[in-house]
Each structure stands twice: as structure tokens, then as C-alpha cells.
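Enquirer: Dropping in coords-v3.txt, with compact mmCIF, C-alpha atoms.
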```txt
# COMPACT_ATOMS: atom_id res chain seq x y z
CA MET M 1 -98.01 -5.34 -256.18
CA SER M 2 -94.58 -3.93 -255.28
CA ALA M 3 -92.91 -4.39 -251.92
CA PRO M 4 -93.16 -0.65 -251.04
CA GLU M 5 -96.90 -0.72 -251.63
CA ARG M 6 -97.31 -3.74 -249.38
CA LEU M 7 -95.21 -2.25 -246.59
CA ALA M 8 -96.46 1.35 -246.73
CA PRO M 9 -100.13 1.85 -247.53
CA GLY M 10 -101.75 5.30 -247.52
CA PRO M 11 -99.72 8.48 -246.71
CA ARG M 12 -96.72 6.47 -245.59
CA ARG M 13 -96.49 5.07 -249.11
CA ILE M 14 -96.28 8.57 -250.57
CA TRP M 15 -93.41 9.53 -248.28
CA LEU M 16 -91.59 6.30 -249.07
CA VAL M 17 -91.99 6.88 -252.80
CA LEU M 18 -90.53 10.36 -252.37
CA LEU M 19 -87.60 8.95 -250.39
CA LEU M 20 -87.00 6.30 -253.05
CA ALA M 21 -87.05 8.99 -255.76
CA LEU M 22 -84.49 11.05 -253.87
CA ALA M 23 -82.34 7.97 -253.39
CA CYS M 24 -82.45 7.19 -257.10
CA ALA M 25 -81.50 10.78 -257.88
CA ALA M 26 -78.55 10.48 -255.51
CA VAL M 27 -77.42 7.28 -257.22
CA LEU M 28 -77.60 9.02 -260.59
CA LEU M 29 -75.54 11.91 -259.27
CA ILE M 30 -72.94 9.53 -257.89
CA ALA M 31 -72.80 7.68 -261.23
CA LEU M 32 -72.10 10.88 -263.15
CA PRO M 33 -68.52 12.21 -263.28
CA ASP M 34 -68.01 14.34 -260.20
CA GLY M 35 -67.06 17.95 -260.75
CA ASP M 36 -66.87 17.99 -264.55
CA ARG M 37 -66.41 21.54 -265.77
CA GLU M 38 -68.16 20.68 -269.03
CA GLY M 39 -70.65 17.94 -269.72
CA GLY M 40 -74.08 17.13 -271.04
CA ALA M 41 -74.72 15.28 -274.26
CA ALA M 42 -71.51 16.57 -275.85
CA CYS M 43 -69.27 14.58 -273.50
CA ARG M 44 -69.46 10.91 -272.66
CA PRO M 45 -66.89 8.41 -271.37
CA ARG M 46 -64.75 7.03 -274.20
CA THR M 47 -62.62 3.92 -274.26
CA VAL M 48 -60.59 1.88 -276.73
CA ALA M 49 -63.00 -0.36 -278.64
CA SER M 50 -60.46 -2.02 -280.92
CA TRP M 51 -56.91 -1.66 -282.15
CA SER M 52 -54.47 -3.29 -284.55
CA ALA M 53 -50.86 -2.89 -285.56
CA ASP M 54 -50.42 -0.53 -288.51
CA GLU M 55 -47.91 -2.48 -290.56
CA LYS M 56 -48.07 -0.05 -293.49
CA VAL M 57 -46.69 3.00 -291.69
CA THR M 58 -44.32 0.95 -289.52
CA GLY M 59 -43.06 -0.73 -292.67
CA GLU M 60 -42.50 2.57 -294.45
CA PHE M 61 -40.13 3.76 -291.74
CA ALA M 62 -38.39 0.38 -291.86
CA ARG M 63 -38.02 0.63 -295.64
CA TYR M 64 -36.61 4.12 -295.47
CA GLY M 65 -34.27 3.44 -292.57
CA ASP M 66 -33.03 0.13 -293.99
CA ASP M 67 -31.98 1.61 -297.34
CA THR M 68 -28.29 0.71 -297.38
CA THR M 69 -27.60 3.09 -300.29
CA ARG M 70 -28.27 6.18 -298.17
CA THR M 71 -25.30 7.65 -296.35
CA ASP M 72 -26.62 10.74 -294.59
CA ASP M 73 -30.30 10.09 -293.88
CA TRP M 74 -32.41 9.05 -290.91
CA THR M 75 -31.90 5.43 -289.81
CA GLY M 76 -33.62 5.55 -286.41
CA GLY M 77 -34.92 7.93 -283.78
CA ASP M 78 -37.43 8.52 -281.00
CA GLY M 79 -39.66 11.35 -279.80
CA THR M 80 -41.92 10.86 -282.84
CA HIS M 81 -44.21 13.80 -283.75
CA SER M 82 -45.80 14.90 -287.01
CA VAL M 83 -47.74 17.68 -288.70
CA ARG M 84 -49.40 17.85 -292.10
CA LEU M 85 -48.26 20.82 -294.16
CA PRO M 86 -50.59 22.94 -296.33
CA ASP M 87 -49.25 21.33 -299.53
CA GLY M 88 -50.17 17.85 -298.30
CA ARG M 89 -46.73 16.67 -297.21
CA VAL M 90 -46.17 15.44 -293.65
CA LEU M 91 -43.25 16.72 -291.58
CA TRP M 92 -41.96 14.11 -289.12
CA LEU M 93 -39.93 15.34 -286.16
CA PHE M 94 -37.62 13.25 -284.00
CA SER M 95 -35.47 13.75 -280.93
CA ASP M 96 -32.21 11.75 -280.61
CA THR M 97 -31.52 10.42 -284.09
CA PHE M 98 -29.04 8.16 -285.85
CA LEU M 99 -28.05 9.24 -289.35
CA GLY M 100 -25.38 7.74 -291.57
CA GLN M 101 -25.48 4.35 -293.26
CA VAL M 102 -26.81 0.94 -292.29
CA HIS M 103 -25.53 -2.46 -293.40
CA ALA M 104 -27.41 -5.46 -294.72
CA PRO M 105 -27.69 -8.58 -292.54
CA PRO M 106 -26.17 -10.56 -291.02
CA ASN M 107 -24.79 -8.30 -288.30
CA PRO M 108 -21.31 -8.89 -286.76
CA ALA M 109 -22.88 -11.36 -284.30
CA GLY M 110 -24.28 -13.41 -287.17
CA GLN M 111 -27.88 -12.36 -286.50
CA PRO M 112 -30.33 -11.64 -289.35
CA HIS M 113 -30.65 -7.92 -288.59
CA THR M 114 -29.85 -4.77 -290.51
CA TRP M 115 -27.23 -2.98 -288.41
CA ARG M 116 -25.14 0.16 -288.05
CA ASP M 117 -21.60 0.79 -286.80
CA THR M 118 -21.41 1.38 -283.05
CA ASN M 119 -19.45 4.59 -283.60
CA THR M 120 -22.25 6.11 -285.72
CA PRO M 121 -22.83 9.65 -284.44
CA MET M 122 -26.19 10.67 -282.98
CA THR M 123 -27.82 14.04 -283.58
CA ARG M 124 -30.17 15.58 -281.02
CA ASN M 125 -33.04 16.18 -283.45
CA SER M 126 -34.03 15.54 -287.04
CA ALA M 127 -36.87 16.02 -289.52
CA VAL M 128 -38.04 13.72 -292.31
CA LEU M 129 -40.48 14.61 -295.10
CA MET M 130 -43.25 12.30 -296.26
CA SER M 131 -45.01 12.78 -299.61
CA ARG M 132 -48.77 13.21 -299.99
CA SER M 133 -48.96 9.51 -300.90
CA GLY M 134 -47.25 8.38 -297.70
CA THR M 135 -43.73 7.74 -298.98
CA LEU M 136 -40.76 9.00 -296.96
CA GLU M 137 -38.63 11.08 -299.31
CA GLY M 138 -35.76 12.74 -297.49
CA THR M 139 -34.13 14.00 -294.31
CA LEU M 140 -33.60 17.70 -293.71
CA ALA M 141 -30.16 18.91 -292.66
CA SER M 142 -29.62 17.82 -289.05
CA PRO M 143 -29.82 18.99 -286.42
CA LEU M 144 -32.70 21.14 -287.59
CA PHE M 145 -32.69 23.01 -284.27
CA PRO M 146 -29.17 23.91 -283.09
CA ASP M 147 -27.96 23.41 -279.53
CA PRO M 148 -28.63 26.52 -277.41
CA ALA M 149 -25.33 26.15 -275.48
CA PRO M 150 -22.60 23.60 -274.78
CA GLN M 151 -23.97 20.46 -273.06
CA GLN M 152 -27.52 21.57 -273.88
CA TRP M 153 -29.82 20.46 -276.68
CA ARG M 154 -33.31 20.81 -278.10
CA TRP M 155 -35.88 18.03 -278.53
CA PRO M 156 -38.83 18.87 -280.82
CA VAL M 157 -42.25 17.85 -279.58
CA ALA M 158 -45.69 18.94 -280.86
CA ALA M 159 -45.91 20.92 -284.09
CA ARG M 160 -48.73 22.69 -285.85
CA VAL M 161 -49.47 24.99 -288.78
CA GLU M 162 -50.97 28.31 -287.73
CA PRO M 163 -51.28 31.91 -288.96
CA ARG M 164 -48.10 33.92 -288.61
CA SER M 165 -50.21 36.24 -286.46
CA PRO M 166 -53.92 36.19 -285.55
CA GLY M 167 -55.98 36.82 -288.67
CA SER M 168 -53.00 36.64 -291.05
CA ASP M 169 -53.33 34.80 -294.37
CA GLU M 170 -49.68 33.74 -294.20
CA GLN M 171 -49.06 30.43 -292.49
CA VAL M 172 -46.00 29.11 -290.66
CA VAL M 173 -45.07 25.96 -288.78
CA ARG M 174 -44.65 26.29 -285.03
CA VAL M 175 -42.61 23.59 -283.33
CA LEU M 176 -42.49 23.31 -279.55
CA LEU M 177 -39.04 22.44 -278.21
CA TRP M 178 -37.80 21.01 -274.94
CA THR M 179 -34.42 22.32 -273.86
CA ARG M 180 -32.40 19.97 -271.69
CA MET M 181 -28.92 19.92 -270.15
CA ALA M 182 -26.51 17.02 -269.66
CA SER M 183 -26.35 15.68 -266.12
CA GLN M 184 -25.45 12.67 -264.02
CA GLY M 185 -27.34 10.32 -261.71
CA PRO M 186 -31.01 9.72 -262.42
CA TRP M 187 -31.09 12.42 -265.10
CA ILE M 188 -29.42 10.29 -267.77
CA TYR M 189 -31.69 11.89 -270.39
CA GLY M 190 -30.86 15.43 -269.28
CA VAL M 191 -32.23 17.94 -266.80
CA PRO M 192 -35.27 19.89 -268.09
CA LEU M 193 -34.56 23.59 -268.62
CA ALA M 194 -37.20 25.34 -270.72
CA THR M 195 -39.94 25.19 -273.33
CA GLU M 196 -39.29 27.07 -276.57
CA VAL M 197 -41.19 27.63 -279.81
CA ALA M 198 -39.51 27.59 -283.21
CA THR M 199 -41.05 29.22 -286.27
CA LEU M 200 -40.46 27.54 -289.65
CA SER M 201 -41.26 29.25 -292.93
CA LEU M 202 -43.44 27.64 -295.58
CA PRO M 203 -42.99 25.90 -297.88
CA ASP M 204 -39.18 25.72 -297.48
CA LEU M 205 -39.18 24.86 -293.72
CA ARG M 206 -36.41 27.28 -292.85
CA VAL M 207 -35.99 27.95 -289.11
CA GLU M 208 -36.69 31.68 -288.77
CA ASN M 209 -36.35 32.07 -285.03
CA ILE M 210 -36.65 30.32 -281.67
CA VAL M 211 -38.22 32.00 -278.65
CA LYS M 212 -38.39 30.87 -275.03
CA VAL M 213 -41.92 30.73 -273.65
CA SER M 214 -41.33 28.95 -270.33
CA ASP M 215 -38.06 29.05 -268.38
CA GLN M 216 -37.85 26.48 -265.58
CA GLN M 217 -34.29 27.02 -264.40
CA SER M 218 -35.44 28.97 -261.34
CA VAL M 219 -37.28 25.86 -260.07
CA ALA M 220 -34.69 24.26 -257.79
CA ASP M 221 -36.04 20.69 -257.88
CA PRO M 222 -35.73 19.26 -261.42
CA GLU M 223 -38.62 16.86 -260.71
CA LYS M 224 -40.93 19.86 -260.34
CA ARG M 225 -39.95 21.51 -263.60
CA VAL M 226 -42.70 21.42 -266.23
CA LEU M 227 -42.00 21.21 -269.96
CA TYR M 228 -44.96 22.03 -272.20
CA GLY M 229 -45.70 20.73 -275.66
CA THR M 230 -45.93 16.95 -275.54
CA THR M 231 -49.28 17.36 -277.30
CA THR M 232 -51.72 20.09 -278.37
CA VAL M 233 -55.47 20.22 -279.01
CA ASP M 234 -57.51 22.99 -280.68
CA ASP M 235 -60.89 24.09 -279.35
CA ASP M 236 -62.95 27.26 -279.69
CA GLY M 237 -60.17 29.61 -280.78
CA TRP M 238 -57.60 28.25 -278.33
CA THR M 239 -54.65 25.90 -278.63
CA TYR M 240 -54.38 23.83 -275.47
CA VAL M 241 -50.77 22.84 -274.79
CA PHE M 242 -50.19 19.90 -272.46
CA GLY M 243 -47.01 19.34 -270.50
CA GLY M 244 -45.63 17.36 -267.63
CA THR M 245 -42.95 16.81 -265.04
CA ASP M 246 -40.13 14.24 -265.12
CA ALA M 247 -40.32 11.89 -262.14
CA GLN M 248 -36.94 10.14 -262.07
CA ALA M 249 -37.27 8.14 -258.85
CA THR M 250 -38.37 4.80 -260.33
CA ALA M 251 -37.90 2.76 -263.47
CA ARG M 252 -41.41 3.57 -264.68
CA PRO M 253 -42.47 6.73 -262.83
CA THR M 254 -45.83 8.44 -262.70
CA SER M 255 -45.53 12.13 -263.54
CA HIS M 256 -48.05 14.97 -263.33
CA ALA M 257 -49.82 16.49 -266.34
CA TYR M 258 -50.35 20.24 -266.77
CA VAL M 259 -52.11 22.34 -269.40
CA ALA M 260 -51.74 25.86 -270.78
CA ARG M 261 -53.68 27.65 -273.49
CA VAL M 262 -52.78 30.12 -276.23
CA PRO M 263 -54.99 31.98 -278.75
CA HIS M 264 -54.64 30.64 -282.28
CA GLY M 265 -51.68 32.23 -284.04
CA ARG M 266 -49.80 33.23 -280.87
CA LEU M 267 -47.85 30.13 -279.85
CA ALA M 268 -44.58 32.02 -280.24
CA ASP M 269 -45.80 34.90 -278.02
CA ALA M 270 -44.88 34.08 -274.41
CA SER M 271 -47.13 36.88 -273.14
CA ALA M 272 -50.17 35.16 -274.66
CA TRP M 273 -49.76 31.93 -272.71
CA GLU M 274 -52.16 31.22 -269.84
CA TYR M 275 -51.69 28.36 -267.37
CA TRP M 276 -54.32 26.38 -265.47
CA ASP M 277 -54.00 27.13 -261.75
CA GLY M 278 -56.71 24.84 -260.40
CA ASP M 279 -59.49 27.43 -260.54
CA GLY M 280 -58.86 29.42 -263.71
CA TRP M 281 -56.20 30.61 -266.14
CA GLY M 282 -53.30 32.59 -264.73
CA SER M 283 -49.53 32.93 -264.74
CA GLN M 284 -47.02 30.13 -264.89
CA ASP M 285 -46.05 30.77 -261.27
CA THR M 286 -49.43 29.46 -260.13
CA HIS M 287 -49.91 26.52 -262.49
CA ARG M 288 -51.31 23.33 -260.98
CA PRO M 289 -51.47 19.75 -262.33
CA VAL M 290 -54.65 18.44 -263.93
CA LEU M 291 -53.71 14.77 -263.58
CA GLY M 292 -51.41 12.70 -261.37
CA ASP M 293 -51.26 11.39 -257.81
CA GLY M 294 -47.67 10.12 -257.92
CA LYS M 295 -48.89 6.54 -257.67
CA ARG M 296 -51.55 4.83 -259.77
CA LYS M 297 -52.82 7.87 -261.66
CA GLY M 298 -50.54 9.97 -263.83
CA VAL M 299 -48.64 10.20 -267.07
CA GLY M 300 -45.26 9.38 -268.49
CA SER M 301 -43.00 12.28 -269.35
CA ALA M 302 -44.53 12.21 -272.85
CA PHE M 303 -48.21 11.54 -273.62
CA THR M 304 -50.84 12.51 -276.15
CA VAL M 305 -54.40 13.90 -276.14
CA VAL M 306 -57.09 13.68 -278.83
CA ARG M 307 -60.66 14.91 -278.98
CA ASP M 308 -63.27 12.33 -279.96
CA ASP M 309 -67.01 12.94 -280.15
CA GLY M 310 -66.72 15.93 -277.80
CA THR M 311 -64.59 14.08 -275.24
CA TYR M 312 -60.90 14.56 -274.54
CA VAL M 313 -58.98 11.27 -274.44
CA LEU M 314 -55.42 11.03 -273.11
CA PHE M 315 -53.04 8.15 -273.88
CA THR M 316 -49.96 7.44 -271.80
CA MET M 317 -47.82 4.54 -270.67
CA ALA M 318 -49.27 2.78 -267.64
CA ALA M 319 -47.76 3.21 -264.19
CA GLY M 320 -45.34 0.64 -262.79
CA THR M 321 -43.86 -2.31 -264.66
CA GLU M 322 -47.03 -2.64 -266.73
CA GLY M 323 -45.89 0.52 -268.48
CA LEU M 324 -43.06 -1.33 -270.22
CA THR M 325 -45.58 -2.22 -272.92
CA GLY M 326 -48.99 -1.16 -271.63
CA VAL M 327 -50.66 2.01 -272.92
CA THR M 328 -53.57 3.24 -270.81
CA SER M 329 -56.14 5.98 -271.33
CA TYR M 330 -58.04 8.70 -269.46
CA TRP M 331 -61.02 10.79 -270.52
CA ALA M 332 -62.37 14.23 -269.59
CA CYS M 333 -64.96 16.76 -270.69
CA SER M 334 -62.45 19.59 -270.55
CA PRO M 335 -58.68 19.95 -271.06
CA THR M 336 -58.45 20.88 -267.38
CA GLY M 337 -60.28 17.74 -266.26
CA PRO M 338 -61.15 16.13 -264.05
CA TRP M 339 -59.58 13.19 -265.87
CA HIS M 340 -61.22 9.81 -265.32
CA GLY M 341 -59.22 6.59 -265.42
CA PRO M 342 -56.92 4.88 -265.92
CA ALA M 343 -58.98 2.87 -268.38
CA LYS M 344 -58.51 0.41 -271.21
CA GLY M 345 -55.72 1.00 -273.71
CA PHE M 346 -53.61 -1.52 -275.60
CA GLN M 347 -50.44 -3.58 -275.36
CA ALA M 348 -47.75 -2.16 -277.63
CA PRO M 349 -46.20 -4.92 -279.78
CA LEU M 350 -42.41 -4.95 -279.57
CA PRO M 351 -39.97 -5.94 -282.33
CA ASP M 352 -39.48 -9.67 -282.72
CA ASP M 353 -35.88 -10.00 -281.56
CA GLY M 354 -35.96 -13.28 -279.68
CA ALA M 355 -34.57 -13.00 -276.16
CA ALA M 356 -34.16 -9.24 -276.61
CA ARG M 357 -37.91 -8.71 -276.19
CA GLN M 358 -37.53 -8.80 -272.41
CA ASP M 359 -34.92 -6.05 -272.61
CA THR M 360 -36.93 -3.60 -274.69
CA ALA M 361 -39.70 -1.20 -273.75
CA ALA M 362 -42.28 1.03 -275.40
CA TYR M 363 -42.74 4.71 -274.55
CA ASN M 364 -44.00 8.07 -275.84
CA PRO M 365 -47.40 7.22 -277.39
CA GLN M 366 -48.33 9.97 -279.82
CA ALA M 367 -51.42 10.57 -281.98
CA HIS M 368 -50.91 11.59 -285.62
CA ALA M 369 -53.85 13.53 -287.01
CA ALA M 370 -52.20 13.54 -290.44
CA LEU M 371 -52.73 9.77 -290.69
CA GLY M 372 -56.08 9.33 -288.98
CA GLY M 373 -59.60 10.00 -290.16
CA ASP M 374 -62.87 8.18 -290.77
CA GLY M 375 -63.15 7.38 -287.07
CA ARG M 376 -59.64 5.94 -286.91
CA ILE M 377 -56.87 7.24 -284.67
CA THR M 378 -53.26 6.47 -285.57
CA LEU M 379 -50.80 6.36 -282.69
CA SER M 380 -47.07 5.80 -282.70
CA TYR M 381 -44.88 4.61 -279.87
CA ASP M 382 -41.12 4.49 -279.60
CA VAL M 383 -39.02 1.45 -278.72
CA ASN M 384 -35.69 1.42 -276.89
CA TRP M 385 -33.28 -0.90 -275.12
CA LEU M 386 -33.55 -1.05 -271.33
CA ASP M 387 -30.07 -0.12 -270.16
CA ALA M 388 -28.99 2.82 -268.00
CA THR M 389 -25.52 2.72 -269.58
CA PRO M 390 -25.71 4.75 -272.81
CA ALA M 391 -22.84 2.90 -274.52
CA SER M 392 -24.43 -0.48 -273.87
CA ALA M 393 -27.85 0.67 -275.03
CA GLN M 394 -26.37 2.14 -278.20
CA ALA M 395 -24.53 -1.11 -278.96
CA ASN M 396 -27.76 -3.09 -278.74
CA ILE M 397 -29.88 -0.76 -280.84
CA SER M 398 -27.08 -0.63 -283.41
CA ARG M 399 -26.84 -4.39 -283.87
CA ASN M 400 -30.55 -4.38 -284.75
CA VAL M 401 -31.69 -1.02 -286.10
CA SER M 402 -35.39 -1.92 -285.83
CA LEU M 403 -35.11 -1.54 -282.04
CA TYR M 404 -34.94 2.26 -282.20
CA ARG M 405 -37.73 3.26 -284.56
CA PRO M 406 -41.37 4.26 -284.21
CA ARG M 407 -44.06 1.63 -284.50
CA PHE M 408 -47.71 2.39 -285.23
CA VAL M 409 -51.17 1.17 -284.26
CA THR M 410 -54.63 2.13 -285.48
CA LEU M 411 -57.47 2.21 -282.98
CA ARG M 412 -61.10 3.14 -282.64
CA LEU M 413 -62.82 4.62 -279.63
CA ALA M 414 -66.36 3.96 -278.44
CA ALA M 415 -68.65 4.97 -275.59
CA ALA M 416 -67.60 3.30 -272.35
CA ARG M 417 -70.22 1.03 -270.79
```
With the file now loaded, output its structure as C-alpha cells.

Expert:
Amino acid sequence: MSAPERLAPGPRRIWLVLLLALACAAVLLIALPDGDREGGAACRPRTVASWSADEKVTGEFARYGDDTTRTDDWTGGDGTHSVRLPDGRVLWLFSDTFLGQVHAPPNPAGQPHTWRDTNTPMTRNSAVLMSRSGTLEGTLASPLFPDPAPQQWRWPVAARVEPRSPGSDEQVVRVLLWTRMASQGPWIYGVPLATEVATLSLPDLRVENIVKVSDQQSVADPEKRVLYGTTTVDDDGWTYVFGGTDAQATARPTSHAYVARVPHGRLADASAWEYWDGDGWGSQDTHRPVLGDGKRKGVGSAFTVVRDDGTYVLFTMAAGTEGLTGVTSYWACSPTGPWHGPAKGFQAPLPDDGAARQDTAAYNPQAHAALGGDGRITLSYDVNWLDATPASAQANISRNVSLYRPRFVTLRLAAAR
């Protein structure tokens, strides 16, 4: 006999049973995600079940970049994004890039590293083509996207193949671009200015035009300027475009994530963009963040989102010093959230450079749909030298060229317990 039956015989027992039932229902409601805009069986919490370093893809970029016979190709870069083209090739896009030639080890310090001259010029963006079989074949003329004005430049972010216009049989490549301007102080990587969209023809990848879809120069505080395009996700006829702010106050800041949406085929049409305002989709003037409290919850300035088994999963560097190598995750039933987390991610392995490991950091985790499949998700992350003085950082990543290249991991997600 149960305790309730012993303590409450007769009618009192019935009332107590009802109260217990209501209490259990309340517990169930508390256990469910609060305020999800979508849900049901199609969306369940997801977490990282396993992961491993992807030596094959990491090694391919090392092979290509270490080729000492090349004199005008990619040897290192960050801001790694990719898109599979209709003919099966993969277009890889990078932000700040070193071209030129590298030299076989030892380097001038006697270390066993492939190296480049410290006066090697850097270009603000580049593109590298990979064959259907996964072999890197060549670098397009750089920069692929010209500077919009003196002391300004363009960094490519997410890219996708879409119809030239809704319903069209002709396809083009759309590349989202972040426009930035040189500055001093905490903005050593440039002040954010605008989000643009470039249209590339197929199959020759010629830049046809570049249009501005979001101008942020009227926002007085640079920390409140939002650049869109760090990642995109398709769902139900829409392309969801995620973006974020740049919090420059600390060494590993926590920024806010935003989301906009565009009908398929209209990424280059600024009038077609709609921005989440906290209650619905409206104009950019009313956009509101979907993730970030400025402390424990939030994103780095670059992050990625995938959809797995009906659930949206976001990967970003962790907040605080943990974010020097730690990648964390969030999940949601809708692009607009609410986002739950931070949750389990992985520790990004850094290049084996002896004492230099304490001076390097990982950043910009990005998913690559062109390489995933069969339940696997392939993510890249970039590696750089921790130094606020550009000349010093360049000297260190030049003495060991492996310090400024993407590295890859393969992971699987599972239902969170």
C-alpha cells in the first residue's frame, strides 16, 4: 500500500491523488523547454555524442599550403567557409590570407617548421578550389572581392548556391561579405561597417556584382553593429541568415546572436530581408538578439548553426578563457530560439609547436555541409597567435605556417539525456 493511501483514506485520498497529478504535470511542464516556438516530436535536445580530429582534410590543406614549388597560391588563412558547387567541386573561401611561397624546414630559428618570409604580403580574401575527390587544385586570383574603399576591406563568410531569381533554372553562387574599416584601439581587426552579398557566375566563378544589404554605419557604437552571414540554414522555403555583434571589451568576449530570413533565391535583394524583432519578422531597425546575455551565454563574433533531426544546433567558442580552445553548443527548436545551453562541445586540438601552444588559440568554428553526411558533421576552426601587435603575430605565424590554417574535426550528435 502506498503512503498516500495510508495517509488519506476515502474522499481525502481522491483529492490528494488529484493534487499529486497536478504536481506531476507541473514538473513535466518545468522540465520541458520554456517558451519554445516550435516543438513536439520533431525537436529534442541535441548534444555532442562523440568527436575526433579529421586528419584527412587538415592534412590536405597542409599538403597544399606546404608545396614549396608554388609561388602565388594560398599558404594560410582564416575565416574558413565552403560551398559545394553544382559540378561537385567545393569552393573554399578565406578572409585574411597569405599567398606567395613557403620554404622547407628548418626555419631561420633552426626549428623543424615550414616557413614563409616575414615580408610576405597578405590579401584580405581568397578562394581555393577543391576537386570532387577532395584534392585542393588551385587558388583563384586574389583578392576575389576588391576593397570597397581605401582602408576598407571585405571578408567573405557564408556562401550558398541558389537560383538567380525565385523559380529560375539558372544557378549562381551568393557569398555574404563583411565590410570592415581599419581602426585603432580595441578594433585591431577593423570596425564593422556593413553586410554585402556578392553574386558569382557558374561555372566560371566570375564576380558579377556586389550589393549592400545591411548598412551599419549609422549605428554610433561599433559594439552594437550587427554583421549578418556567419552561417545560414535552409528551412521551408527560407534561408535563415545568422549574424552577431563584436564585443571588444575583453580578451574572449561574449557577443549577441541575431537572425534574419530571406526567401530562397533573393539573398541579393535587400528588400526581401526580414529581421527577427523579438515577436515577429520586421525591419532591421527593430531587430533583437536571439542569444546572448553578455556574460555566460552568447557567441563569438563568428559561429555556425546546423540542423540535426529537426533541432537547430549552434556551435561557438566558449565564453571566458575557456574559449581559447573550448567549443560549446546550444540547441533550439526554431532559428529564433529560445536557445538552450551552453552545453557539451569539444576541445579544439592546437598545432604541436612546443611552448607555442600556450600562445595560440582556436576560433571561428564552422560547419561544412560539403564534407559531412551519413550522420557526421564536419567542422573547421581557425588557429592564430595570441598577440595584439600585428607585426609580432605575423612573425610567429610565418616561422611556422601551420599556425595559421584551418583544422578539422568530425562529430556526431545525439539526444541529450

Enquirer: Got a sec: who's within 8 Å of Leu314 in chain M, counting all atoms listed in the file, leaving out chain neighbours fewer than 4 positions off, as a list of chain:residue names?

Expert: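 With the cut-off at 8 Å, the set is M:Phe303, M:Thr304, M:Val305, M:Val306, M:Ser329, M:Tyr330, M:Trp331.
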
Enquirer: I'd like the contact shell of Glu60 in chain M - 12 Å cut-off, all atoms listed in the file, skipping same-chain residues fewer than 4 positions apart - returned as a list in words.

Expert: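 Neighbouring residues, sequence-local ones excluded: Asp54, Glu55, Lys56, Tyr64, Gly65, Asp66, Asp67, Thr75, Met130, Ser131, Ser133, Gly134, Thr135, Leu136, Glu137, Arg405, Pro406, Arg407 and Phe408 of chain M.
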
Enquirer: Would you write out those residues with C-alpha atoms, as a CSV table (one decimal), keeping the file's coordinate frame?

Expert:
```csv
chain,number,residue,atom,x,y,z
M,54,ASP,CA,-50.4,-0.5,-288.5
M,55,GLU,CA,-47.9,-2.5,-290.6
M,56,LYS,CA,-48.1,0.0,-293.5
M,64,TYR,CA,-36.6,4.1,-295.5
M,65,GLY,CA,-34.3,3.4,-292.6
M,66,ASP,CA,-33.0,0.1,-294.0
M,67,ASP,CA,-32.0,1.6,-297.3
M,75,THR,CA,-31.9,5.4,-289.8
M,130,MET,CA,-43.2,12.3,-296.3
M,131,SER,CA,-45.0,12.8,-299.6
M,133,SER,CA,-49.0,9.5,-300.9
M,134,GLY,CA,-47.2,8.4,-297.7
M,135,THR,CA,-43.7,7.7,-299.0
M,136,LEU,CA,-40.8,9.0,-297.0
M,137,GLU,CA,-38.6,11.1,-299.3
M,405,ARG,CA,-37.7,3.3,-284.6
M,406,PRO,CA,-41.4,4.3,-284.2
M,407,ARG,CA,-44.1,1.6,-284.5
M,408,PHE,CA,-47.7,2.4,-285.2
```

Enquirer: Would you kindly return, as a count of residues only, each protein, DNA or RNA residue with an atom no farther than 12 Å from any atom of Ala268 in chain M, considering all atoms listed in the file and excluding same-chain residues fewer than 5 positions away?

Expert: 30

Enquirer: Could you please determine the separation between CA of Leu144 in chain M and CA of Leu85 in chain M in Å, to one decimal place?

Expert: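 Calculated distance between CA of Leu144 in chain M and CA of Leu85 in chain M is 16.9 Å.
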
Enquirer: When you count all atoms listed in the file, which of these residues is closest to Asp236 in chain M: M:Lys295, M:Arg180, M:His256, M:Arg261?

Expert: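 Nearest to Asp236 in chain M: M:Arg261.
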
Enquirer: As a list in words, please: the residues near Thr231 in chain M (cut-off 9 Å, only C-alpha atoms, same-chain neighbours under 2 positions excluded).

Expert: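 Residues near the query, excluding close chain neighbours: His81, Val157, Ala158, Ala159, Tyr228, Gly229, Val233, Tyr240, Val241, Phe242, Gly243, Ala302, Phe303, Thr304, Val305, Val306, Gln366 and Ala367 of chain M.
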
Enquirer: Next, write the just-selected residues to a file, as a PDB file, in the coordinates of the input, keeping C-alpha atoms as the atom set.

Expert:
```
ATOM      1  CA  HIS M  81     -44.210  13.800-283.750  1.00  0.00           C
ATOM      2  CA  VAL M 157     -42.250  17.850-279.580  1.00  0.00           C
ATOM      3  CA  ALA M 158     -45.690  18.940-280.860  1.00  0.00           C
ATOM      4  CA  ALA M 159     -45.910  20.920-284.090  1.00  0.00           C
ATOM      5  CA  TYR M 228     -44.960  22.030-272.200  1.00  0.00           C
ATOM      6  CA  GLY M 229     -45.700  20.730-275.660  1.00  0.00           C
ATOM      7  CA  VAL M 233     -55.470  20.220-279.010  1.00  0.00           C
ATOM      8  CA  TYR M 240     -54.380  23.830-275.470  1.00  0.00           C
ATOM      9  CA  VAL M 241     -50.770  22.840-274.790  1.00  0.00           C
ATOM     10  CA  PHE M 242     -50.190  19.900-272.460  1.00  0.00           C
ATOM     11  CA  GLY M 243     -47.010  19.340-270.500  1.00  0.00           C
ATOM     12  CA  ALA M 302     -44.530  12.210-272.850  1.00  0.00           C
ATOM     13  CA  PHE M 303     -48.210  11.540-273.620  1.00  0.00           C
ATOM     14  CA  THR M 304     -50.840  12.510-276.150  1.00  0.00           C
ATOM     15  CA  VAL M 305     -54.400  13.900-276.140  1.00  0.00           C
ATOM     16  CA  VAL M 306     -57.090  13.680-278.830  1.00  0.00           C
ATOM     17  CA  GLN M 366     -48.330   9.970-279.820  1.00  0.00           C
ATOM     18  CA  ALA M 367     -51.420  10.570-281.980  1.00  0.00           C
TER      19      ALA M 367
END
```

Enquirer: Suppose you want the space between CA of Phe98 in chain M and CA of Arg154 in chain M; what is it in Å?

Expert: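 For CA of Phe98 in chain M relative to CA of Arg154 in chain M, the distance reads 15.4 Å.
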